[in-house]
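S.K.: Below is the file input-v3.cif, which contains mmCIF, C-alpha atoms.
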data_input
loop_
_atom_site.label_atom_id
_atom_site.label_comp_id
_atom_site.auth_asym_id
_atom_site.auth_seq_id
_atom_site.Cartn_x
_atom_site.Cartn_y
_atom_site.Cartn_z
CA MET A 1 46.53 -100.46 61.75
CA ILE A 2 44.42 -102.36 59.23
CA ARG A 3 41.79 -99.65 59.44
CA ARG A 4 44.45 -96.99 58.78
CA TYR A 5 45.62 -98.84 55.66
CA LEU A 6 42.04 -99.21 54.47
CA LEU A 7 41.42 -95.49 54.92
CA SER A 8 44.67 -94.64 53.13
CA GLY A 9 43.75 -96.97 50.29
CA ALA A 10 40.31 -95.39 50.01
CA ALA A 11 41.86 -91.92 49.91
CA LEU A 12 44.25 -92.98 47.15
CA LEU A 13 41.34 -94.43 45.17
CA LEU A 14 39.42 -91.18 45.53
CA LEU A 15 42.49 -89.18 44.46
CA PHE A 16 43.02 -91.48 41.48
CA ALA A 17 39.35 -91.19 40.53
CA GLY A 18 39.60 -87.42 40.77
CA LEU A 19 42.65 -87.34 38.54
CA ILE A 20 40.91 -89.57 36.00
CA SER A 21 37.87 -87.26 36.11
CA LEU A 22 40.04 -84.19 35.50
CA GLN A 23 41.73 -85.96 32.61
CA PHE A 24 38.37 -86.83 31.05
CA GLN A 25 37.22 -83.22 31.52
CA ALA A 26 40.38 -81.94 29.84
CA GLU A 27 39.90 -84.39 26.97
CA ALA A 28 36.27 -83.28 26.66
CA ARG A 29 37.39 -79.64 26.45
CA ARG A 30 39.92 -80.55 23.77
CA ASP A 31 37.33 -82.55 21.87
CA GLU A 32 34.97 -79.58 22.03
CA ARG A 33 37.24 -77.56 19.77
CA PRO A 34 36.19 -77.65 16.11
CA ARG A 35 39.00 -78.42 13.70
CA PHE A 36 39.61 -76.70 10.38
CA VAL A 37 41.98 -76.98 7.43
CA VAL A 38 42.38 -74.33 4.75
CA ASP A 39 41.29 -75.21 1.20
CA ALA A 40 44.02 -73.50 -0.81
CA GLN A 41 42.14 -74.23 -4.07
CA TRP A 42 39.10 -72.15 -3.09
CA PRO A 43 37.85 -70.28 -5.00
CA LYS A 44 38.61 -71.55 -8.48
CA PRO A 45 40.35 -69.23 -10.98
CA LEU A 46 38.04 -66.45 -12.15
CA PRO A 47 37.03 -65.95 -15.80
CA ASN A 48 37.60 -62.86 -17.94
CA ASN A 49 40.98 -62.02 -16.39
CA TRP A 50 39.04 -60.82 -13.34
CA LEU A 51 40.91 -59.94 -10.15
CA LEU A 52 39.41 -59.36 -6.71
CA GLY A 53 39.82 -56.09 -4.88
CA GLN A 54 39.26 -55.76 -1.15
CA VAL A 55 36.65 -58.33 -0.14
CA ALA A 56 34.44 -56.33 2.19
CA GLY A 57 31.76 -58.90 2.98
CA VAL A 58 30.91 -62.60 2.78
CA ALA A 59 27.63 -64.41 3.32
CA VAL A 60 26.25 -67.92 2.89
CA ASP A 61 22.65 -68.22 1.70
CA ARG A 62 20.12 -70.94 2.53
CA HIS A 63 21.26 -72.97 -0.48
CA ASP A 64 24.87 -73.00 0.73
CA ARG A 65 26.01 -70.59 -1.95
CA ILE A 66 28.77 -68.24 -0.90
CA TRP A 67 28.32 -64.54 -1.69
CA ILE A 68 31.03 -61.91 -1.53
CA VAL A 69 31.03 -58.18 -2.16
CA GLN A 70 34.37 -56.82 -3.31
CA ARG A 71 35.65 -53.32 -3.94
CA GLN A 72 36.47 -52.96 -7.61
CA SER A 73 37.90 -49.48 -7.03
CA THR A 74 40.67 -50.77 -4.73
CA LEU A 75 42.69 -52.41 -7.50
CA THR A 76 45.93 -50.52 -8.15
CA PRO A 77 46.81 -49.37 -11.69
CA ASP A 78 49.19 -52.29 -12.16
CA GLU A 79 46.62 -54.78 -10.81
CA ARG A 80 44.07 -53.59 -13.38
CA GLY A 81 46.69 -53.37 -16.10
CA SER A 82 44.37 -54.53 -18.92
CA ASP A 83 41.38 -52.53 -17.58
CA PRO A 84 42.81 -49.05 -17.03
CA ALA A 85 40.95 -46.02 -15.70
CA PRO A 86 39.48 -43.74 -18.37
CA GLY A 87 42.24 -41.84 -20.15
CA ASP A 88 45.00 -44.20 -19.05
CA PRO A 89 46.69 -46.58 -21.50
CA VAL A 90 46.58 -50.36 -21.25
CA ARG A 91 49.80 -51.25 -19.45
CA SER A 92 49.77 -55.07 -19.34
CA ASP A 93 47.81 -58.17 -20.30
CA CYS A 94 46.17 -58.58 -16.88
CA CYS A 95 43.92 -57.93 -15.04
CA ASN A 96 40.34 -56.69 -15.20
CA ARG A 97 37.96 -55.49 -12.51
CA ALA A 98 35.16 -57.91 -11.62
CA PRO A 99 31.53 -57.12 -10.76
CA ALA A 100 31.11 -56.22 -7.10
CA VAL A 101 28.80 -59.10 -6.10
CA MET A 102 30.04 -62.62 -6.82
CA VAL A 103 28.42 -65.95 -6.00
CA PHE A 104 30.26 -69.28 -5.60
CA ASP A 105 29.34 -72.84 -4.77
CA ARG A 106 31.02 -74.77 -1.97
CA GLU A 107 33.67 -76.05 -4.38
CA GLY A 108 34.60 -72.50 -5.37
CA ARG A 109 33.03 -72.41 -8.84
CA LEU A 110 31.75 -68.97 -9.82
CA LEU A 111 28.00 -69.11 -10.43
CA LYS A 112 27.17 -65.49 -11.26
CA ALA A 113 28.35 -61.92 -10.75
CA TRP A 114 26.68 -58.53 -10.91
CA GLY A 115 26.78 -54.99 -9.61
CA GLY A 116 28.96 -51.93 -9.45
CA ALA A 117 30.94 -49.99 -12.03
CA ALA A 118 32.60 -53.07 -13.57
CA ASP A 119 29.22 -54.60 -14.49
CA PRO A 120 28.45 -52.98 -17.88
CA GLY A 121 25.25 -50.95 -17.76
CA PHE A 122 24.47 -51.73 -14.14
CA LEU A 123 24.90 -48.16 -12.86
CA THR A 124 23.12 -46.64 -15.87
CA THR A 125 20.08 -48.93 -16.14
CA ARG A 126 19.67 -51.10 -13.02
CA CYS A 127 20.83 -48.92 -10.13
CA THR A 128 20.52 -45.18 -10.73
CA PRO A 129 19.84 -42.19 -8.47
CA ALA A 130 16.64 -41.57 -10.41
CA MET A 131 15.45 -45.00 -9.26
CA GLY A 132 16.47 -44.16 -5.69
CA CYS A 133 19.48 -46.51 -5.94
CA GLU A 134 22.83 -45.00 -4.95
CA TRP A 135 25.58 -47.58 -5.26
CA PRO A 136 28.19 -46.99 -2.53
CA THR A 137 31.66 -45.74 -3.35
CA ASN A 138 33.06 -48.16 -0.75
CA GLU A 139 31.09 -51.38 -0.43
CA HIS A 140 30.84 -52.81 3.08
CA GLY A 141 29.01 -55.98 4.11
CA ILE A 142 26.61 -58.32 2.34
CA TYR A 143 23.71 -60.46 3.55
CA VAL A 144 21.26 -62.84 1.84
CA ASP A 145 17.98 -63.43 3.66
CA HIS A 146 15.54 -66.34 3.93
CA LEU A 147 13.66 -65.11 0.84
CA ASP A 148 16.91 -64.78 -1.17
CA TYR A 149 16.96 -60.98 -1.13
CA VAL A 150 20.45 -59.46 -1.09
CA TYR A 151 21.48 -56.51 1.11
CA ILE A 152 24.61 -54.39 0.63
CA ALA A 153 25.92 -51.53 2.77
CA GLY A 154 28.51 -48.84 2.16
CA ASN A 155 30.88 -46.95 4.43
CA GLY A 156 32.61 -44.47 2.13
CA GLY A 157 32.71 -40.87 3.32
CA ALA A 158 29.22 -40.07 2.00
CA ASN A 159 27.85 -43.63 2.08
CA HIS A 160 24.94 -43.71 4.51
CA GLN A 161 22.79 -46.32 2.80
CA VAL A 162 21.76 -49.97 2.74
CA LEU A 163 20.56 -51.32 -0.62
CA LYS A 164 18.18 -54.23 -1.14
CA PHE A 165 18.21 -56.29 -4.36
CA THR A 166 16.64 -59.43 -5.71
CA ASN A 167 18.90 -62.44 -6.14
CA ASP A 168 19.75 -61.44 -9.72
CA GLY A 169 20.55 -57.82 -8.89
CA SER A 170 17.24 -56.06 -9.51
CA PHE A 171 16.86 -53.04 -7.22
CA VAL A 172 14.14 -53.19 -4.54
CA TYR A 173 14.71 -50.24 -2.18
CA GLN A 174 17.27 -48.13 -0.35
CA ILE A 175 17.41 -47.22 3.34
CA GLY A 176 19.18 -43.93 4.00
CA LYS A 177 20.58 -41.33 1.65
CA SER A 178 24.05 -40.77 0.25
CA GLY A 179 25.60 -37.62 1.70
CA LEU A 180 22.91 -37.20 4.39
CA THR A 181 22.84 -38.49 7.94
CA GLY A 182 20.63 -37.59 10.88
CA GLY A 183 22.62 -39.01 13.79
CA SER A 184 22.13 -42.09 15.90
CA ASN A 185 18.51 -41.36 16.85
CA ASP A 186 16.96 -40.59 13.46
CA THR A 187 13.96 -42.79 12.69
CA ASN A 188 12.26 -41.42 9.57
CA GLY A 189 14.31 -38.61 8.01
CA GLY A 190 15.22 -40.44 4.80
CA PRO A 191 13.49 -40.93 1.46
CA GLY A 192 10.15 -42.73 1.73
CA GLY A 193 10.01 -42.07 5.48
CA ARG A 194 12.78 -44.58 6.09
CA PRO A 195 15.51 -43.77 8.62
CA LEU A 196 18.72 -41.99 7.79
CA LEU A 197 21.86 -44.01 8.52
CA GLY A 198 25.49 -43.18 9.33
CA GLN A 199 27.94 -45.33 7.35
CA PRO A 200 26.30 -48.71 8.08
CA ALA A 201 28.59 -51.73 8.37
CA ASP A 202 26.50 -54.91 8.45
CA MET A 203 22.96 -56.30 8.52
CA GLU A 204 20.91 -59.43 9.10
CA VAL A 205 17.23 -60.36 8.69
CA ASP A 206 15.29 -62.21 11.37
CA PRO A 207 13.19 -64.72 9.38
CA LEU A 208 10.68 -65.10 12.22
CA THR A 209 9.60 -61.46 12.05
CA ASN A 210 11.07 -60.36 8.70
CA GLU A 211 12.88 -57.53 10.46
CA LEU A 212 16.21 -56.18 9.23
CA TYR A 213 18.84 -55.46 11.90
CA ILE A 214 21.54 -52.97 10.85
CA ALA A 215 24.90 -52.32 12.57
CA ASP A 216 24.99 -48.53 12.13
CA GLY A 217 27.97 -48.16 12.05
CA TYR A 218 31.09 -46.16 11.20
CA GLN A 219 29.46 -42.81 12.04
CA ASN A 220 26.36 -43.67 14.07
CA LYS A 221 26.62 -45.72 17.26
CA ARG A 222 23.61 -48.00 17.28
CA VAL A 223 21.73 -51.06 16.15
CA ILE A 224 18.60 -50.12 14.22
CA VAL A 225 15.78 -52.48 13.28
CA VAL A 226 13.43 -51.90 10.33
CA ASP A 227 10.70 -53.82 8.57
CA ALA A 228 12.56 -55.80 5.89
CA ALA A 229 9.60 -55.59 3.52
CA THR A 230 9.30 -51.79 3.62
CA GLY A 231 12.47 -50.49 5.26
CA LEU A 232 10.40 -48.52 7.79
CA TYR A 233 11.62 -47.99 11.34
CA ARG A 234 10.83 -50.36 14.22
CA ARG A 235 13.34 -49.63 17.06
CA HIS A 236 16.98 -48.92 17.88
CA TRP A 237 19.44 -48.95 20.78
CA GLY A 238 23.03 -48.27 21.76
CA ALA A 239 25.48 -50.05 24.07
CA TYR A 240 23.88 -51.70 27.14
CA GLY A 241 20.50 -50.94 25.57
CA ASN A 242 20.99 -47.21 26.23
CA VAL A 243 19.84 -44.37 24.03
CA PRO A 244 22.86 -43.84 21.75
CA ILE A 245 24.92 -40.67 22.09
CA ASP A 246 26.95 -39.34 19.16
CA ALA A 247 29.63 -37.62 21.26
CA ASP A 248 33.14 -38.88 20.51
CA PRO A 249 34.33 -40.93 23.52
CA GLY A 250 37.96 -40.55 22.50
CA PRO A 251 40.46 -43.31 21.80
CA TYR A 252 40.14 -46.70 23.41
CA ASP A 253 42.11 -47.17 26.62
CA PRO A 254 42.25 -50.74 27.98
CA ASN A 255 42.87 -49.35 31.49
CA ALA A 256 39.90 -46.98 31.50
CA ALA A 257 36.41 -47.69 32.81
CA LEU A 258 34.14 -49.65 30.48
CA ALA A 259 32.68 -47.52 27.72
CA THR A 260 28.96 -46.92 28.23
CA GLN A 261 28.48 -46.30 24.50
CA PHE A 262 29.62 -48.11 21.39
CA ARG A 263 32.73 -46.82 19.72
CA ASN A 264 32.87 -46.59 15.95
CA PRO A 265 32.54 -48.80 14.17
CA VAL A 266 29.57 -50.83 15.33
CA HIS A 267 30.78 -53.50 12.96
CA CYS A 268 28.40 -56.49 13.02
CA VAL A 269 25.02 -57.73 14.16
CA ARG A 270 24.12 -61.42 14.33
CA ILE A 271 20.96 -63.22 15.51
CA ALA A 272 21.18 -66.64 17.15
CA ASP A 273 18.44 -69.26 16.93
CA ASP A 274 17.67 -68.79 20.62
CA GLY A 275 16.75 -65.15 19.93
CA LEU A 276 19.90 -63.52 21.27
CA VAL A 277 21.36 -60.66 19.24
CA TYR A 278 25.17 -60.32 19.11
CA VAL A 279 26.72 -56.94 18.28
CA CYS A 280 30.40 -56.28 17.47
CA ASP A 281 31.76 -53.25 19.32
CA ARG A 282 35.00 -53.53 17.41
CA VAL A 283 37.39 -51.01 18.92
CA ASN A 284 36.11 -51.71 22.47
CA ASN A 285 37.23 -55.34 21.92
CA ARG A 286 33.88 -56.79 22.96
CA TYR A 287 30.60 -58.17 21.80
CA GLN A 288 27.39 -57.29 23.57
CA VAL A 289 24.38 -59.58 23.70
CA PHE A 290 20.78 -58.37 23.65
CA GLN A 291 17.23 -59.59 23.46
CA LYS A 292 15.51 -58.68 20.21
CA ASN A 293 13.80 -55.75 21.92
CA GLY A 294 17.18 -54.23 22.77
CA GLN A 295 17.35 -55.36 26.39
CA PHE A 296 20.97 -55.90 27.40
CA VAL A 297 21.88 -59.44 28.47
CA ARG A 298 25.67 -59.63 28.86
CA GLU A 299 28.98 -58.84 27.19
CA ALA A 300 32.24 -60.64 26.47
CA PHE A 301 35.71 -59.26 25.87
CA LEU A 302 38.52 -60.42 23.62
CA ALA A 303 42.22 -59.49 23.72
CA ARG A 304 41.43 -56.36 25.71
CA GLU A 305 44.94 -54.92 25.26
CA THR A 306 44.42 -54.74 21.48
CA LEU A 307 44.70 -51.19 20.13
CA GLY A 308 44.52 -50.01 16.52
CA ASN A 309 41.40 -51.30 14.80
CA GLY A 310 40.25 -53.53 17.66
CA SER A 311 39.66 -57.27 17.89
CA MET A 312 35.89 -57.80 17.38
CA TRP A 313 35.27 -57.47 13.64
CA ASP A 314 32.61 -60.03 12.74
CA ILE A 315 30.67 -62.93 14.26
CA ASP A 316 29.01 -66.06 12.99
CA LEU A 317 27.76 -69.19 14.73
CA SER A 318 28.24 -72.92 14.24
CA PRO A 319 25.32 -74.70 12.52
CA ASP A 320 24.64 -77.37 15.18
CA HIS A 321 21.25 -77.16 16.92
CA ALA A 322 22.67 -75.50 20.04
CA GLN A 323 25.03 -73.25 18.05
CA ARG A 324 27.72 -74.15 20.57
CA HIS A 325 30.51 -72.19 18.93
CA LEU A 326 30.80 -68.51 18.15
CA TYR A 327 33.45 -67.49 15.63
CA ASN A 328 35.02 -64.04 15.56
CA ALA A 329 37.06 -62.50 12.76
CA ASP A 330 39.81 -60.36 14.31
CA GLY A 331 41.41 -58.17 11.66
CA GLU A 332 43.90 -56.52 14.00
CA ASN A 333 45.44 -59.70 15.45
CA ASN A 334 44.56 -61.52 12.20
CA LYS A 335 42.99 -64.58 13.73
CA VAL A 336 39.67 -66.36 13.84
CA TRP A 337 38.77 -66.91 17.48
CA VAL A 338 36.51 -69.74 18.63
CA PHE A 339 34.26 -69.10 21.64
CA ASN A 340 32.11 -71.48 23.64
CA ARG A 341 28.87 -69.54 23.18
CA ALA A 342 27.32 -70.72 26.47
CA THR A 343 30.26 -69.48 28.56
CA ASP A 344 31.56 -66.66 26.31
CA GLN A 345 35.04 -68.13 26.78
CA VAL A 346 37.69 -68.50 24.05
CA ILE A 347 38.51 -72.16 23.48
CA ASP A 348 40.71 -71.93 20.37
CA SER A 349 41.92 -69.77 17.49
CA PHE A 350 43.59 -70.18 14.12
CA GLY A 351 45.49 -67.98 11.69
CA ARG A 352 48.14 -65.26 11.99
CA ASN A 353 49.22 -62.22 10.02
CA GLY A 354 50.66 -63.35 6.70
CA ARG A 355 50.17 -63.99 3.00
CA TYR A 356 50.19 -67.78 2.82
CA ALA A 357 47.00 -69.86 2.58
CA GLY A 358 45.42 -70.05 6.02
CA GLN A 359 46.99 -66.78 7.16
CA PHE A 360 45.26 -63.40 7.13
CA HIS A 361 45.82 -59.74 6.42
CA TRP A 362 42.92 -57.69 7.81
CA VAL A 363 40.41 -60.53 7.99
CA HIS A 364 37.23 -58.48 7.82
CA ASN A 365 34.27 -60.86 7.77
CA LEU A 366 33.41 -64.52 8.04
CA ALA A 367 30.41 -66.76 7.34
CA VAL A 368 29.60 -70.41 8.06
CA ASP A 369 27.81 -72.91 5.82
CA SER A 370 25.53 -75.79 6.83
CA ARG A 371 28.49 -78.18 7.06
CA GLY A 372 30.35 -75.93 9.47
CA ASN A 373 32.91 -74.68 6.93
CA ILE A 374 34.10 -71.10 7.46
CA TYR A 375 34.59 -68.56 4.67
CA THR A 376 36.64 -65.42 5.33
CA ALA A 377 37.09 -62.07 3.56
CA GLU A 378 40.13 -59.77 3.70
CA VAL A 379 40.46 -56.03 3.03
CA ASP A 380 43.37 -53.57 2.91
CA THR A 381 45.99 -55.35 0.78
CA GLY A 382 44.63 -58.82 1.66
CA LYS A 383 42.12 -58.74 -1.21
CA ARG A 384 40.99 -62.35 -1.06
CA ALA A 385 38.42 -64.82 0.24
CA GLN A 386 39.38 -68.15 1.82
CA LYS A 387 37.63 -71.36 2.82
CA PHE A 388 38.40 -73.35 5.96
CA GLU A 389 36.90 -76.81 5.85
CA ARG A 390 35.65 -78.24 9.11
CA THR A 391 37.18 -81.68 9.42
CA ASP A 392 35.50 -83.12 12.52
CA ARG A 393 32.00 -82.77 10.97
CA SER A 394 30.33 -82.74 14.39
CA SER A 395 28.51 -79.53 13.60
CA ARG A 396 25.81 -80.79 11.24
CA GLY A 397 22.21 -81.17 12.18
CA ARG A 398 20.42 -77.86 11.63
CA GLY A 399 18.04 -77.28 8.77
CA HIS A 400 16.21 -74.05 9.52
CA ASP A 401 15.40 -71.66 6.70
CA ARG A 402 17.87 -68.89 7.35
CA GLY A 403 20.53 -67.06 5.39
CA HIS A 404 24.17 -66.09 5.88
CA GLY A 405 25.25 -69.47 7.16
CA ARG A 406 22.92 -69.59 10.16
CA GLY A 407 20.68 -72.48 9.13
CA HIS A 408 20.17 -73.74 5.58
CA ASP A 409 17.97 -75.83 3.38
CA ARG A 410 19.27 -79.39 3.01
CA ASP A 411 19.82 -78.79 -0.67
CA ASP A 412 23.34 -79.51 -1.85
CA ARG A 413 22.64 -78.72 -5.48
CA ASP A 414 24.20 -75.75 -7.22
CA ASP A 415 20.93 -73.88 -7.62
CA ASP A 416 22.32 -71.35 -10.04
CA HIS A 417 23.38 -74.05 -12.47
CA ARG A 418 20.09 -73.45 -13.08
CA GLY A 419 43.30 -47.14 1.42
CA HIS A 420 39.58 -47.31 2.01
CA ASN A 421 37.56 -47.39 5.16
CA ARG A 422 37.66 -50.77 6.87
#
Could you write out this file's structure as structure tokens?

M.R.:
Amino acid sequence: MIRRYLLSGAALLLLFAGLISLQFQAEARRDERPRFVVDAQWPKPLPNNWLLGQVAGVAVDRHDRIWIVQRQSTLTPDERGSDPAPGDPVRSDCCNRAPAVMVFDREGRLLKAWGGAADPGFLTTRCTPAMGCEWPTNEHGIYVDHLDYVYIAGNGGANHQVLKFTNDGSFVYQIGKSGLTGGSNDTNGGPGGRPLLGQPADMEVDPLTNELYIADGYQNKRVIVVDAATGLYRRHWGAYGNVPIDADPGPYDPNAALATQFRNPVHCVRIADDGLVYVCDRVNNRYQVFQKNGQFVREAFLARETLGNGSMWDIDLSPDHAQRHLYNADGENNKVWVFNRATDQVIDSFGRNGRYAGQFHWVHNLAVDSRGNIYTAEVDTGKRAQKFERTDRSSRGRGHDRGHGRGHDRDDRDDDHRGHNR
């Protein structure tokens, strides 16, 4: 009898210990989730009666400056009431188009702006077809590399180009040619022997090799890698590392077999510190992971029942040494999803469709600074950028020399105080 009581007591202790362990594990999972609060005062009011159009890209450079590219042409006649189209009368006292590229500090102060039709003289002296510079009709995506070069893509109907500029907007080179595309397997058909592209969506430079990875894109179905110094071809691949095929796979069906090719658009490409390459297959509601040579590693799915424009719009990574968290901008469900990068499992999300601060309408891109803060960009009628401050501060610790929020110099100074396609 005594032995029976002892065994029962031991069993209860083991059960209690197990329950305590499960509770600690649950608490650990909850503690793993990063916490954010929207900064409704970011960015600060713009000068010159400027008003943002669709914000089609956001990046954080190695100095923790936040870059956006916005579509000046998407302002409606009443929004640009004091800056009317040629031949139209001034209809109100506000507002004016702003230059396409705008740079802010972490507090939201505008540091500089350049580019596009609203920057006087830019398209007649600094970026002209005679120079080989064809500014896109519909800007799409921006990236700032480890050497402070700026890359901009375009996805308008004839926009098949990626442009490279210096930090102050001086033209360096163009990959691809407006109005000309050679399909998903072209390697050298463009000007200067560079590849032709097909409405590219996004890009990132690997600082270890100085190679430029391009998500190509809204017409092509591939990732293409070029030498960032010259723009010349290195390699490319499609879904699962296959040779890309341009045939239209038809609309996405969540009940069909997995697509063996990317659907359009191939909307983002992101390189982790461990060498893994993440690619947004937006309408297929997945990201695929590759080695840098294009070898397929694995894939992860998100909200697989999502139709419309898909759930996998953009990716960035937390700035801790392990890059534990992967963030996804989902412009169809209008959320930012938080993944555990090691398990590819969703652990949290924030946001919803709406107009208030902290809500989203077509959240298109996101980028992360060295403190773990997230910056988002919205297109369609969203037309804004937002900042979400990370409040738990457990993400700090990386200091690698990389751009676009994935590793930064430990320099908190403001260095410079010195209806369209989606």

S.K.: Can you pull out every residue within 10 Å of stretch 141-152 of chain A, counting only C-alpha atoms, but drop anything in the same chain fewer than 6 positions away, and send it as a ChimeraX atom specification?

M.R.: /A:55-63,65-70,101,135,161-174,200-208,210,212,228,267-268,364-365,367,400-405,407-409

S.K.: So how far away is atom CA of A:Ala153 from atom CA of A:Phe104, in Å?

M.R.: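 Rounded to one decimal, the two atoms are 20.1 Å apart.
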
S.K.: Could you work out how far atom CA of A:Pro191 lies from atom CA of A:Ile175, giving the answer in Å with one decimal?

M.R.: 7.6 Å

S.K.: Which residues would end up in the selection if the PyMOL selection byres ((chain A and resi 255) around 12) were applied here, given that I need the answer as a PyMOL selection string?

M.R.: chain A and resi 251-254+256-259+284+304-307

S.K.: Contacts of stretch 340-357 of chain A at 6 Å or less, counting only C-alpha atoms, minus same-chain residues fewer than 4 places along, as a ChimeraX atom specification?

M.R.: /A:40,324-326,334-336,361

S.K.: Let's have the selection written as a PDB file, in the coordinates of the input, with C-alpha atoms.

M.R.:
ATOM      1  CA  ALA A  40      44.020 -73.500  -0.810  1.00  0.00           C
ATOM      2  CA  ARG A 324      27.720 -74.150  20.570  1.00  0.00           C
ATOM      3  CA  HIS A 325      30.510 -72.190  18.930  1.00  0.00           C
ATOM      4  CA  LEU A 326      30.800 -68.510  18.150  1.00  0.00           C
ATOM      5  CA  ASN A 334      44.560 -61.520  12.200  1.00  0.00           C
ATOM      6  CA  LYS A 335      42.990 -64.580  13.730  1.00  0.00           C
ATOM      7  CA  VAL A 336      39.670 -66.360  13.840  1.00  0.00           C
ATOM      8  CA  HIS A 361      45.820 -59.740   6.420  1.00  0.00           C
TER       9      HIS A 361
END

S.K.: For A:Asp274, find every residue with an atom within 10 Å (counting only C-alpha atoms), except residues of its own chain fewer than 4 positions away, and show them as a list in words.

M.R.: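 Skipping anything fewer than 4 positions along the chain leaves Gln291, His321, Ala322 and Gln323 of chain A.
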
S.K.: Could you list, as a ChimeraX atom specification, every residue within 9 Å of A:Arg263, counting only C-alpha atoms and ignoring same-chain residues fewer than 2 positions away?

M.R.: /A:218,221,248-252,259,261,265-266,281-284

S.K.: Write a file of the just-selected residues containing C-alpha atoms, as a short mmCIF file (atom, residue, chain, number, x, y, z; two decimals), keeping the file's coordinate frame.

M.R.:
data_model
loop_
_atom_site.label_atom_id
_atom_site.label_comp_id
_atom_site.auth_asym_id
_atom_site.auth_seq_id
_atom_site.Cartn_x
_atom_site.Cartn_y
_atom_site.Cartn_z
CA TYR A 218 31.09 -46.16 11.20
CA LYS A 221 26.62 -45.72 17.26
CA ASP A 248 33.14 -38.88 20.51
CA PRO A 249 34.33 -40.93 23.52
CA GLY A 250 37.96 -40.55 22.50
CA PRO A 251 40.46 -43.31 21.80
CA TYR A 252 40.14 -46.70 23.41
CA ALA A 259 32.68 -47.52 27.72
CA GLN A 261 28.48 -46.30 24.50
CA PRO A 265 32.54 -48.80 14.17
CA VAL A 266 29.57 -50.83 15.33
CA ASP A 281 31.76 -53.25 19.32
CA ARG A 282 35.00 -53.53 17.41
CA VAL A 283 37.39 -51.01 18.92
CA ASN A 284 36.11 -51.71 22.47
#
